[in-house]
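Just upload-v4.pdb here, PDB, C-alpha atoms:
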```pdb
ATOM      1  CA  MET H   1     -14.650  71.235 435.813  1.00  0.00           C
ATOM      2  CA  GLU H   2     -14.863  71.106 432.042  1.00  0.00           C
ATOM      3  CA  ILE H   3     -13.001  69.789 429.048  1.00  0.00           C
ATOM      4  CA  VAL H   4     -11.515  72.326 426.633  1.00  0.00           C
ATOM      5  CA  ASN H   5      -9.638  71.096 423.552  1.00  0.00           C
ATOM      6  CA  HIS H   6      -9.531  67.580 425.047  1.00  0.00           C
ATOM      7  CA  LEU H   7      -7.871  68.798 428.254  1.00  0.00           C
ATOM      8  CA  LEU H   8      -9.401  68.916 431.713  1.00  0.00           C
ATOM      9  CA  SER H   9      -9.627  72.573 432.715  1.00  0.00           C
ATOM     10  CA  ASN H  10      -8.579  72.141 436.350  1.00  0.00           C
ATOM     11  CA  ALA H  11      -5.739  69.693 435.733  1.00  0.00           C
ATOM     12  CA  ILE H  12      -2.062  70.441 435.377  1.00  0.00           C
ATOM     13  CA  PHE H  13      -1.112  69.409 431.844  1.00  0.00           C
ATOM     14  CA  VAL H  14       2.310  67.819 431.447  1.00  0.00           C
ATOM     15  CA  LYS H  15       2.615  66.265 427.992  1.00  0.00           C
ATOM     16  CA  SER H  16       3.890  62.700 427.964  1.00  0.00           C
ATOM     17  CA  PRO H  17       5.698  61.477 424.859  1.00  0.00           C
ATOM     18  CA  ASN H  18       3.997  58.102 425.364  1.00  0.00           C
ATOM     19  CA  PHE H  19       0.847  58.346 423.269  1.00  0.00           C
ATOM     20  CA  SER H  20      -0.448  57.639 419.789  1.00  0.00           C
ATOM     21  CA  ASP H  21      -3.221  58.915 417.570  1.00  0.00           C
ATOM     22  CA  ARG H  22      -6.740  57.767 418.369  1.00  0.00           C
ATOM     23  CA  THR H  23      -8.484  56.025 415.479  1.00  0.00           C
ATOM     24  CA  MET H  24     -11.752  55.304 417.298  1.00  0.00           C
ATOM     25  CA  PRO H  25     -13.701  57.010 420.075  1.00  0.00           C
ATOM     26  CA  ALA H  26     -13.135  56.080 423.711  1.00  0.00           C
ATOM     27  CA  GLU H  27     -15.818  53.703 424.936  1.00  0.00           C
ATOM     28  CA  ILE H  28     -14.555  52.728 428.399  1.00  0.00           C
ATOM     29  CA  ILE H  29     -12.740  54.348 431.297  1.00  0.00           C
ATOM     30  CA  ILE H  30     -10.102  52.121 432.893  1.00  0.00           C
ATOM     31  CA  LEU H  31      -9.166  52.769 436.523  1.00  0.00           C
ATOM     32  CA  HIS H  32      -5.681  51.945 437.772  1.00  0.00           C
ATOM     33  CA  CYS H  33      -3.606  52.582 440.862  1.00  0.00           C
ATOM     34  CA  ILE H  34       0.085  53.370 440.992  1.00  0.00           C
ATOM     35  CA  SER H  35       2.790  54.583 443.347  1.00  0.00           C
ATOM     36  CA  LEU H  36       6.555  54.433 442.968  1.00  0.00           C
ATOM     37  CA  PRO H  37       7.981  52.846 444.954  1.00  0.00           C
ATOM     38  CA  GLU H  38       4.839  50.973 445.937  1.00  0.00           C
ATOM     39  CA  GLY H  39       3.140  52.677 448.875  1.00  0.00           C
ATOM     40  CA  ASP H  40       5.400  55.752 448.759  1.00  0.00           C
ATOM     41  CA  TYR H  41       3.233  58.807 448.114  1.00  0.00           C
ATOM     42  CA  GLY H  42       3.754  62.490 447.444  1.00  0.00           C
ATOM     43  CA  ASN H  43       6.797  62.247 445.182  1.00  0.00           C
ATOM     44  CA  ASN H  44       7.262  62.868 441.450  1.00  0.00           C
ATOM     45  CA  ASN H  45       8.210  59.319 440.471  1.00  0.00           C
ATOM     46  CA  VAL H  46       4.956  58.518 438.648  1.00  0.00           C
ATOM     47  CA  ARG H  47       5.171  61.798 436.779  1.00  0.00           C
ATOM     48  CA  ASP H  48       8.775  61.043 435.859  1.00  0.00           C
ATOM     49  CA  LEU H  49       7.836  57.531 434.696  1.00  0.00           C
ATOM     50  CA  PHE H  50       5.148  58.914 432.365  1.00  0.00           C
ATOM     51  CA  LEU H  51       7.676  61.447 431.021  1.00  0.00           C
ATOM     52  CA  ASN H  52      10.430  58.824 430.526  1.00  0.00           C
ATOM     53  CA  ARG H  53      12.555  60.650 433.123  1.00  0.00           C
ATOM     54  CA  LEU H  54      12.461  58.197 436.046  1.00  0.00           C
ATOM     55  CA  ASN H  55      15.886  57.742 437.625  1.00  0.00           C
ATOM     56  CA  LEU H  56      16.098  53.957 437.592  1.00  0.00           C
ATOM     57  CA  ASN H  57      18.951  54.010 440.100  1.00  0.00           C
ATOM     58  CA  SER H  58      16.936  55.867 442.756  1.00  0.00           C
ATOM     59  CA  HIS H  59      15.174  52.701 444.005  1.00  0.00           C
ATOM     60  CA  GLU H  60      15.966  49.009 443.638  1.00  0.00           C
ATOM     61  CA  THR H  61      12.508  48.208 442.225  1.00  0.00           C
ATOM     62  CA  PHE H  62      12.792  50.748 439.410  1.00  0.00           C
ATOM     63  CA  MET H  63      15.185  48.665 437.290  1.00  0.00           C
ATOM     64  CA  SER H  64      12.207  46.553 436.217  1.00  0.00           C
ATOM     65  CA  LEU H  65      10.887  49.687 434.486  1.00  0.00           C
ATOM     66  CA  LYS H  66      13.870  50.014 432.168  1.00  0.00           C
ATOM     67  CA  ASN H  67      12.730  50.616 428.565  1.00  0.00           C
ATOM     68  CA  VAL H  68       9.077  50.830 429.654  1.00  0.00           C
ATOM     69  CA  SER H  69       7.047  53.526 427.898  1.00  0.00           C
ATOM     70  CA  VAL H  70       3.753  54.103 429.681  1.00  0.00           C
ATOM     71  CA  SER H  71       1.320  56.911 430.359  1.00  0.00           C
ATOM     72  CA  SER H  72      -2.226  57.599 431.397  1.00  0.00           C
ATOM     73  CA  HIS H  73      -4.612  60.345 430.523  1.00  0.00           C
ATOM     74  CA  LEU H  74      -4.980  61.410 434.146  1.00  0.00           C
ATOM     75  CA  PHE H  75      -3.271  60.872 437.492  1.00  0.00           C
ATOM     76  CA  ILE H  76      -5.235  61.745 440.643  1.00  0.00           C
ATOM     77  CA  LYS H  77      -2.898  62.253 443.580  1.00  0.00           C
ATOM     78  CA  ARG H  78      -3.921  61.488 447.166  1.00  0.00           C
ATOM     79  CA  THR H  79      -4.247  65.249 447.720  1.00  0.00           C
ATOM     80  CA  GLY H  80      -6.811  65.526 444.911  1.00  0.00           C
ATOM     81  CA  GLU H  81      -4.373  67.227 442.555  1.00  0.00           C
ATOM     82  CA  ILE H  82      -4.976  66.115 438.975  1.00  0.00           C
ATOM     83  CA  ILE H  83      -2.245  65.841 436.366  1.00  0.00           C
ATOM     84  CA  GLN H  84      -3.130  65.197 432.735  1.00  0.00           C
ATOM     85  CA  PHE H  85      -0.440  63.576 430.595  1.00  0.00           C
ATOM     86  CA  VAL H  86      -2.295  62.801 427.358  1.00  0.00           C
ATOM     87  CA  PRO H  87      -5.200  64.699 425.748  1.00  0.00           C
ATOM     88  CA  PHE H  88      -8.419  62.673 425.606  1.00  0.00           C
ATOM     89  CA  ASP H  89      -8.402  62.608 421.804  1.00  0.00           C
ATOM     90  CA  LYS H  90      -5.097  60.676 421.875  1.00  0.00           C
ATOM     91  CA  VAL H  91      -4.312  57.120 423.015  1.00  0.00           C
ATOM     92  CA  ALA H  92      -2.459  56.835 426.327  1.00  0.00           C
ATOM     93  CA  TRP H  93      -0.406  53.688 426.919  1.00  0.00           C
ATOM     94  CA  HIS H  94      -1.872  52.398 430.189  1.00  0.00           C
ATOM     95  CA  ALA H  95      -3.599  49.032 429.738  1.00  0.00           C
ATOM     96  CA  GLY H  96      -0.853  46.975 428.107  1.00  0.00           C
ATOM     97  CA  VAL H  97      -1.871  43.592 426.758  1.00  0.00           C
ATOM     98  CA  SER H  98      -5.596  43.713 427.345  1.00  0.00           C
ATOM     99  CA  ASP H  99      -8.985  42.465 426.242  1.00  0.00           C
ATOM    100  CA  TYR H 100     -12.490  43.620 427.028  1.00  0.00           C
ATOM    101  CA  ARG H 101     -15.583  41.880 425.739  1.00  0.00           C
ATOM    102  CA  GLY H 102     -13.639  40.228 422.946  1.00  0.00           C
ATOM    103  CA  ARG H 103     -11.778  43.361 421.860  1.00  0.00           C
ATOM    104  CA  ASN H 104      -7.988  43.492 422.173  1.00  0.00           C
ATOM    105  CA  ASP H 105      -5.715  46.467 422.875  1.00  0.00           C
ATOM    106  CA  CYS H 106      -7.998  48.403 425.194  1.00  0.00           C
ATOM    107  CA  ASN H 107      -5.764  51.476 424.993  1.00  0.00           C
ATOM    108  CA  GLU H 108      -7.261  52.155 421.569  1.00  0.00           C
ATOM    109  CA  PHE H 109     -10.817  52.599 422.878  1.00  0.00           C
ATOM    110  CA  SER H 110     -10.335  53.774 426.452  1.00  0.00           C
ATOM    111  CA  ILE H 111      -9.383  56.609 428.740  1.00  0.00           C
ATOM    112  CA  GLY H 112      -6.935  55.662 431.483  1.00  0.00           C
ATOM    113  CA  ILE H 113      -7.139  57.169 434.943  1.00  0.00           C
ATOM    114  CA  GLU H 114      -4.473  56.399 437.543  1.00  0.00           C
ATOM    115  CA  LEU H 115      -5.154  56.890 441.236  1.00  0.00           C
ATOM    116  CA  GLU H 116      -2.157  57.380 443.486  1.00  0.00           C
ATOM    117  CA  GLY H 117      -2.282  54.306 445.673  1.00  0.00           C
ATOM    118  CA  THR H 118      -1.800  50.561 445.849  1.00  0.00           C
ATOM    119  CA  ILE H 119      -4.097  47.561 445.846  1.00  0.00           C
ATOM    120  CA  LYS H 120      -3.277  47.258 449.572  1.00  0.00           C
ATOM    121  CA  ASP H 121      -4.365  50.764 450.635  1.00  0.00           C
ATOM    122  CA  TYR H 122      -7.680  52.557 450.827  1.00  0.00           C
ATOM    123  CA  PHE H 123      -8.094  55.607 448.641  1.00  0.00           C
ATOM    124  CA  GLU H 124      -8.732  59.133 449.913  1.00  0.00           C
ATOM    125  CA  ASP H 125     -12.153  60.803 449.956  1.00  0.00           C
ATOM    126  CA  ILE H 126     -10.864  63.590 447.721  1.00  0.00           C
ATOM    127  CA  GLN H 127      -9.744  61.036 445.130  1.00  0.00           C
ATOM    128  CA  TYR H 128     -13.288  59.647 444.911  1.00  0.00           C
ATOM    129  CA  GLU H 129     -14.702  63.177 444.697  1.00  0.00           C
ATOM    130  CA  LYS H 130     -12.378  64.164 441.854  1.00  0.00           C
ATOM    131  CA  LEU H 131     -12.877  60.830 440.086  1.00  0.00           C
ATOM    132  CA  ASN H 132     -16.663  61.243 440.147  1.00  0.00           C
ATOM    133  CA  GLU H 133     -16.397  64.771 438.760  1.00  0.00           C
ATOM    134  CA  ILE H 134     -14.047  63.608 436.014  1.00  0.00           C
ATOM    135  CA  ILE H 135     -16.242  60.681 434.969  1.00  0.00           C
ATOM    136  CA  CYS H 136     -19.310  62.912 434.775  1.00  0.00           C
ATOM    137  CA  CYS H 137     -17.341  65.466 432.770  1.00  0.00           C
ATOM    138  CA  LEU H 138     -16.024  62.837 430.339  1.00  0.00           C
ATOM    139  CA  ARG H 139     -19.479  61.407 429.809  1.00  0.00           C
ATOM    140  CA  LYS H 140     -20.933  64.846 429.207  1.00  0.00           C
ATOM    141  CA  GLU H 141     -18.239  65.805 426.700  1.00  0.00           C
ATOM    142  CA  TYR H 142     -17.841  62.528 424.830  1.00  0.00           C
ATOM    143  CA  ARG H 143     -20.347  59.769 425.518  1.00  0.00           C
ATOM    144  CA  GLN H 144     -21.694  57.412 428.136  1.00  0.00           C
ATOM    145  CA  MET H 145     -18.660  55.267 428.934  1.00  0.00           C
ATOM    146  CA  GLU H 146     -18.507  52.188 431.111  1.00  0.00           C
ATOM    147  CA  VAL H 147     -16.058  52.348 434.030  1.00  0.00           C
ATOM    148  CA  VAL H 148     -13.905  49.267 434.610  1.00  0.00           C
ATOM    149  CA  GLY H 149     -10.775  48.340 436.506  1.00  0.00           C
ATOM    150  CA  HIS H 150      -7.433  47.351 435.039  1.00  0.00           C
ATOM    151  CA  LYS H 151      -8.188  43.911 436.502  1.00  0.00           C
ATOM    152  CA  ASP H 152     -11.217  43.691 434.204  1.00  0.00           C
ATOM    153  CA  VAL H 153      -9.161  44.092 431.020  1.00  0.00           C
ATOM    154  CA  ALA H 154      -5.991  42.239 432.076  1.00  0.00           C
ATOM    155  CA  PRO H 155      -7.137  39.766 434.762  1.00  0.00           C
ATOM    156  CA  SER H 156      -4.215  37.371 434.359  1.00  0.00           C
ATOM    157  CA  ARG H 157      -1.662  40.052 435.243  1.00  0.00           C
ATOM    158  CA  LYS H 158      -3.315  42.984 437.028  1.00  0.00           C
ATOM    159  CA  LEU H 159      -5.380  43.465 440.199  1.00  0.00           C
ATOM    160  CA  ASP H 160      -5.824  47.228 440.270  1.00  0.00           C
ATOM    161  CA  PRO H 161      -7.478  49.309 441.405  1.00  0.00           C
ATOM    162  CA  GLY H 162      -7.728  46.537 444.030  1.00  0.00           C
ATOM    163  CA  GLU H 163     -10.155  45.155 446.582  1.00  0.00           C
ATOM    164  CA  LYS H 164      -9.906  48.283 448.736  1.00  0.00           C
ATOM    165  CA  PHE H 165     -11.234  50.447 445.937  1.00  0.00           C
ATOM    166  CA  ASP H 166     -14.856  51.117 446.859  1.00  0.00           C
ATOM    167  CA  TRP H 167     -16.883  50.880 443.651  1.00  0.00           C
ATOM    168  CA  GLU H 168     -19.979  51.928 445.631  1.00  0.00           C
ATOM    169  CA  ARG H 169     -18.401  55.373 446.111  1.00  0.00           C
ATOM    170  CA  LEU H 170     -18.651  56.088 442.427  1.00  0.00           C
ATOM    171  CA  ASN H 171     -21.764  58.128 441.702  1.00  0.00           C
ATOM    172  CA  VAL H 172     -21.906  56.529 438.306  1.00  0.00           C
ATOM    173  CA  VAL H 173     -22.865  53.129 437.051  1.00  0.00           C
ATOM    174  CA  LYS H 174     -19.879  50.827 436.673  1.00  0.00           C
TER     175      LYS H 174
END
```

What does this structure look like when you write it as C-alpha cells?
Amino acid sequence: MEIVNHLLSNAIFVKSPNFSDRTMPAEIIILHCISLPEGDYGNNNVRDLFLNRLNLNSHETFMSLKNVSVSSHLFIKRTGEIIQFVPFDKVAWHAGVSDYRGRNDCNEFSIGIELEGTIKDYFEDIQYEKLNEIICCLRKEYRQMEVVGHKDVAPSRKLDPGEKFDWERLNVVK
C-alpha cells in the first residue's frame, strides 16, 4: 500500500463533489463509522451519500439527509474493500461542527476515515488490518498524525466510532 498523487494505491477512487481546498496540512486522523440504513451493510448507500446521489425515498430514515453534503477521504467496508472519495491534499467534509484542542473546524486539519459499521456493532478483523496499514502509510507519506474518534472532536453530538471499536487493535499510538 502506498500513496501516489495523494491517492491510496489499492483503493477504488470515486471522486466526491463534497470537498474543498486544503490550506494547512492534516494533523489528525478522525475515525468514524457509518452504515445506511444503520446496521445495513454491503449496499452502495454510503457511496451514494458521498456522491450526492442517495435516493432519499428508498428508506424512511434517509429524509433527514436531504440537502446534506458530506464526504470522507476513505471508507473501509466490512469486506476490507477501500473506497477513496477525496484526495488527501483536499479537505473532506466529515467532522461537521467540531473542535479539537481549542481548534475549530477539524475538517481543515484532518483526514477522515469511515468504517462501515455502527456504534452498536463490533468491527471486522479485516477493517482493523486495513486501517492499520492506512494509518502507517499516511504517517509515512505526510507526518506523524494523532488518531482520534469523531466523538473526540464533536462530543456533544457524536459517539463514533463507538464503544465497540477496539482502540487496542490499532498498531499505532492513539

Determine, using only C-alpha atoms, which residues of segment 15-35 of chain H have any atom at most 12 Å from an atom of segment 57-69 of chain H, and tabulate each with its shortest atom pair and distance in Å to one decimal place, rows ordered by chain and then rising number, as a tab-separated table.
```
residue	atom	partner	partner_atom	distance
H:Ser16	CA	H:Ser69	CA	9.7
H:Pro17	CA	H:Ser69	CA	8.6
H:Asn18	CA	H:Ser69	CA	6.1
H:Phe19	CA	H:Ser69	CA	9.1
H:Ser20	CA	H:Ser69	CA	11.8
H:Ser35	CA	H:Phe62	CA	11.4
```

- Would you translate the PyMOL selection byres ((chain H and resi 158) around 12) into the concrete set of residues it matches in this file, as JSON, numbers by chain? {"H": [31, 32, 33, 34, 94, 95, 96, 97, 98, 118, 119, 149, 150, 151, 152, 153, 154, 155, 156, 157, 159, 160, 161, 162, 163]}

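Using all atoms listed in the file, the nearest neighbour of Gly42 of chain H within the list H:Val86, H:Leu8, H:Met1, H:Ile76 is H:Ile76.
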
- Task: Let me know the residues the PyMOL selection byres ((chain H and resi 138) around 12) catches in the file above, as a ChimeraX atom specification.
- Result: /H:1-4,6-9,26-29,73-74,87-89,110-113,131-137,139-147,172

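Shell of Glu124 of chain H at 10 Å, with all atoms listed in the file counted and residues fewer than 6 places along the chain excluded, is Lys77, Arg78, Thr79, Gly80, Leu115, Glu116, Gly117 and Phe165 of chain H.
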
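Reported to one decimal place, the separation of atom CA of Lys90 of chain H from atom CA of Gly102 of chain H is 22.2 Å.
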
Listed atoms of segment 64-73 of chain H, axis-aligned box, 4 Å per side: centre and edge lengths to one decimal in Å, as lines of an AutoDock Vina configuration file?
```
center_x = 4.6
center_y = 53.4
center_z = 432.1
size_x = 26.5
size_y = 21.8
size_z = 16.3
```

Residues proximal to (1.5, 61.0, 432.7) were defined as those with any atom within 9 Å of that point in the file's coordinates, counting all atoms listed in the file. Which are they, as a PDB file with C-alpha atoms, in the coordinates of the input?
```pdb
ATOM      1  CA  PHE H  13      -1.112  69.409 431.844  1.00  0.00           C
ATOM      2  CA  VAL H  14       2.310  67.819 431.447  1.00  0.00           C
ATOM      3  CA  LYS H  15       2.615  66.265 427.992  1.00  0.00           C
ATOM      4  CA  SER H  16       3.890  62.700 427.964  1.00  0.00           C
ATOM      5  CA  PRO H  17       5.698  61.477 424.859  1.00  0.00           C
ATOM      6  CA  ASN H  18       3.997  58.102 425.364  1.00  0.00           C
ATOM      7  CA  VAL H  46       4.956  58.518 438.648  1.00  0.00           C
ATOM      8  CA  ARG H  47       5.171  61.798 436.779  1.00  0.00           C
ATOM      9  CA  ASP H  48       8.775  61.043 435.859  1.00  0.00           C
ATOM     10  CA  LEU H  49       7.836  57.531 434.696  1.00  0.00           C
ATOM     11  CA  PHE H  50       5.148  58.914 432.365  1.00  0.00           C
ATOM     12  CA  LEU H  51       7.676  61.447 431.021  1.00  0.00           C
ATOM     13  CA  VAL H  70       3.753  54.103 429.681  1.00  0.00           C
ATOM     14  CA  SER H  71       1.320  56.911 430.359  1.00  0.00           C
ATOM     15  CA  SER H  72      -2.226  57.599 431.397  1.00  0.00           C
ATOM     16  CA  HIS H  73      -4.612  60.345 430.523  1.00  0.00           C
ATOM     17  CA  LEU H  74      -4.980  61.410 434.146  1.00  0.00           C
ATOM     18  CA  PHE H  75      -3.271  60.872 437.492  1.00  0.00           C
ATOM     19  CA  ILE H  83      -2.245  65.841 436.366  1.00  0.00           C
ATOM     20  CA  GLN H  84      -3.130  65.197 432.735  1.00  0.00           C
ATOM     21  CA  PHE H  85      -0.440  63.576 430.595  1.00  0.00           C
ATOM     22  CA  VAL H  86      -2.295  62.801 427.358  1.00  0.00           C
ATOM     23  CA  ALA H  92      -2.459  56.835 426.327  1.00  0.00           C
ATOM     24  CA  GLU H 114      -4.473  56.399 437.543  1.00  0.00           C
TER      25      GLU H 114
END
```

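If you look at atom CA of Phe123 of chain H and atom CA of Asn55 of chain H, they are 26.5 Å away from each other.
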
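Interatomic distance, atom CA of Asp121 of chain H to atom CA of Lys164 of chain H: 6.4 Å.
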
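Minimum atom-to-atom distance to Tyr100 of chain H, evaluated using all atoms listed in the file, belongs to H:Ile30 out of H:Tyr122, H:Asp40, H:Leu170, H:Ile30.
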
Final N, CA and C atoms of segment 75-105 of chain H as a PDB file, keeping the file's coordinate frame:
```
ATOM      1  N   PHE H  75      -3.816  61.402 436.244  1.00  0.00           N
ATOM      2  CA  PHE H  75      -3.271  60.872 437.492  1.00  0.00           C
ATOM      3  C   PHE H  75      -3.887  61.705 438.611  1.00  0.00           C
ATOM      4  N   ILE H  76      -4.610  61.051 439.511  1.00  0.00           N
ATOM      5  CA  ILE H  76      -5.235  61.745 440.643  1.00  0.00           C
ATOM      6  C   ILE H  76      -4.429  61.419 441.894  1.00  0.00           C
ATOM      7  N   LYS H  77      -3.728  62.435 442.394  1.00  0.00           N
ATOM      8  CA  LYS H  77      -2.898  62.253 443.580  1.00  0.00           C
ATOM      9  C   LYS H  77      -3.769  62.128 444.837  1.00  0.00           C
ATOM     10  N   ARG H  78      -3.191  61.686 445.905  1.00  0.00           N
ATOM     11  CA  ARG H  78      -3.921  61.488 447.166  1.00  0.00           C
ATOM     12  C   ARG H  78      -4.416  62.814 447.738  1.00  0.00           C
ATOM     13  N   THR H  79      -3.831  63.907 447.297  1.00  0.00           N
ATOM     14  CA  THR H  79      -4.247  65.249 447.720  1.00  0.00           C
ATOM     15  C   THR H  79      -5.428  65.772 446.904  1.00  0.00           C
ATOM     16  N   GLY H  80      -5.769  65.065 445.819  1.00  0.00           N
ATOM     17  CA  GLY H  80      -6.811  65.526 444.911  1.00  0.00           C
ATOM     18  C   GLY H  80      -6.270  66.277 443.718  1.00  0.00           C
ATOM     19  N   GLU H  81      -4.985  66.573 443.711  1.00  0.00           N
ATOM     20  CA  GLU H  81      -4.373  67.227 442.555  1.00  0.00           C
ATOM     21  C   GLU H  81      -4.486  66.307 441.346  1.00  0.00           C
ATOM     22  N   ILE H  82      -4.805  66.888 440.205  1.00  0.00           N
ATOM     23  CA  ILE H  82      -4.976  66.115 438.975  1.00  0.00           C
ATOM     24  C   ILE H  82      -3.922  66.559 437.969  1.00  0.00           C
ATOM     25  N   ILE H  83      -3.211  65.576 437.424  1.00  0.00           N
ATOM     26  CA  ILE H  83      -2.245  65.841 436.366  1.00  0.00           C
ATOM     27  C   ILE H  83      -2.724  65.106 435.125  1.00  0.00           C
ATOM     28  N   GLN H  84      -2.781  65.817 434.005  1.00  0.00           N
ATOM     29  CA  GLN H  84      -3.130  65.197 432.735  1.00  0.00           C
ATOM     30  C   GLN H  84      -1.863  65.062 431.908  1.00  0.00           C
ATOM     31  N   PHE H  85      -1.639  63.855 431.381  1.00  0.00           N
ATOM     32  CA  PHE H  85      -0.440  63.576 430.595  1.00  0.00           C
ATOM     33  C   PHE H  85      -0.722  63.445 429.108  1.00  0.00           C
ATOM     34  N   VAL H  86      -1.941  63.039 428.759  1.00  0.00           N
ATOM     35  CA  VAL H  86      -2.295  62.801 427.358  1.00  0.00           C
ATOM     36  C   VAL H  86      -3.681  63.398 427.116  1.00  0.00           C
ATOM     37  N   PRO H  87      -3.855  64.187 426.062  1.00  0.00           N
ATOM     38  CA  PRO H  87      -5.200  64.699 425.748  1.00  0.00           C
ATOM     39  C   PRO H  87      -6.158  63.529 425.478  1.00  0.00           C
ATOM     40  N   PHE H  88      -7.432  63.739 425.738  1.00  0.00           N
ATOM     41  CA  PHE H  88      -8.419  62.673 425.606  1.00  0.00           C
ATOM     42  C   PHE H  88      -8.631  62.213 424.171  1.00  0.00           C
ATOM     43  N   ASP H  89      -8.242  63.023 423.200  1.00  0.00           N
ATOM     44  CA  ASP H  89      -8.402  62.608 421.804  1.00  0.00           C
ATOM     45  C   ASP H  89      -7.193  61.821 421.291  1.00  0.00           C
ATOM     46  N   LYS H  90      -6.264  61.497 422.192  1.00  0.00           N
ATOM     47  CA  LYS H  90      -5.097  60.676 421.875  1.00  0.00           C
ATOM     48  C   LYS H  90      -5.158  59.395 422.703  1.00  0.00           C
ATOM     49  N   VAL H  91      -4.372  58.402 422.321  1.00  0.00           N
ATOM     50  CA  VAL H  91      -4.312  57.120 423.015  1.00  0.00           C
ATOM     51  C   VAL H  91      -3.165  57.145 424.017  1.00  0.00           C
ATOM     52  N   ALA H  92      -3.487  56.983 425.295  1.00  0.00           N
ATOM     53  CA  ALA H  92      -2.459  56.835 426.327  1.00  0.00           C
ATOM     54  C   ALA H  92      -2.107  55.353 426.441  1.00  0.00           C
ATOM     55  N   TRP H  93      -0.887  55.066 426.859  1.00  0.00           N
ATOM     56  CA  TRP H  93      -0.406  53.688 426.919  1.00  0.00           C
ATOM     57  C   TRP H  93      -0.468  53.187 428.361  1.00  0.00           C
ATOM     58  N   HIS H  94      -1.651  52.755 428.789  1.00  0.00           N
ATOM     59  CA  HIS H  94      -1.872  52.398 430.189  1.00  0.00           C
ATOM     60  C   HIS H  94      -2.332  50.972 430.428  1.00  0.00           C
ATOM     61  N   ALA H  95      -2.989  50.345 429.486  1.00  0.00           N
ATOM     62  CA  ALA H  95      -3.599  49.032 429.738  1.00  0.00           C
ATOM     63  C   ALA H  95      -2.702  47.859 429.375  1.00  0.00           C
ATOM     64  N   GLY H  96      -1.717  48.072 428.524  1.00  0.00           N
ATOM     65  CA  GLY H  96      -0.853  46.975 428.107  1.00  0.00           C
ATOM     66  C   GLY H  96      -1.635  45.919 427.339  1.00  0.00           C
ATOM     67  N   VAL H  97      -1.166  44.695 427.394  1.00  0.00           N
ATOM     68  CA  VAL H  97      -1.871  43.592 426.758  1.00  0.00           C
ATOM     69  C   VAL H  97      -3.208  43.457 427.467  1.00  0.00           C
ATOM     70  N   SER H  98      -4.281  43.635 426.710  1.00  0.00           N
ATOM     71  CA  SER H  98      -5.596  43.713 427.345  1.00  0.00           C
ATOM     72  C   SER H  98      -6.690  43.270 426.395  1.00  0.00           C
ATOM     73  N   ASP H  99      -7.829  42.937 427.000  1.00  0.00           N
ATOM     74  CA  ASP H  99      -8.985  42.465 426.242  1.00  0.00           C
ATOM     75  C   ASP H  99     -10.237  42.811 427.038  1.00  0.00           C
ATOM     76  N   TYR H 100     -11.217  43.356 426.367  1.00  0.00           N
ATOM     77  CA  TYR H 100     -12.490  43.620 427.028  1.00  0.00           C
ATOM     78  C   TYR H 100     -13.631  43.272 426.086  1.00  0.00           C
ATOM     79  N   ARG H 101     -14.441  42.346 426.533  1.00  0.00           N
ATOM     80  CA  ARG H 101     -15.583  41.880 425.739  1.00  0.00           C
ATOM     81  C   ARG H 101     -15.182  41.491 424.321  1.00  0.00           C
ATOM     82  N   GLY H 102     -14.083  40.744 424.234  1.00  0.00           N
ATOM     83  CA  GLY H 102     -13.639  40.228 422.946  1.00  0.00           C
ATOM     84  C   GLY H 102     -12.832  41.185 422.095  1.00  0.00           C
ATOM     85  N   ARG H 103     -12.570  42.368 422.607  1.00  0.00           N
ATOM     86  CA  ARG H 103     -11.778  43.361 421.860  1.00  0.00           C
ATOM     87  C   ARG H 103     -10.410  43.503 422.502  1.00  0.00           C
ATOM     88  N   ASN H 104      -9.362  43.377 421.697  1.00  0.00           N
ATOM     89  CA  ASN H 104      -7.988  43.492 422.173  1.00  0.00           C
ATOM     90  C   ASN H 104      -7.522  44.942 422.178  1.00  0.00           C
ATOM     91  N   ASP H 105      -6.394  45.166 422.832  1.00  0.00           N
ATOM     92  CA  ASP H 105      -5.715  46.467 422.875  1.00  0.00           C
ATOM     93  C   ASP H 105      -6.657  47.572 423.350  1.00  0.00           C
TER      94      ASP H 105
END
```
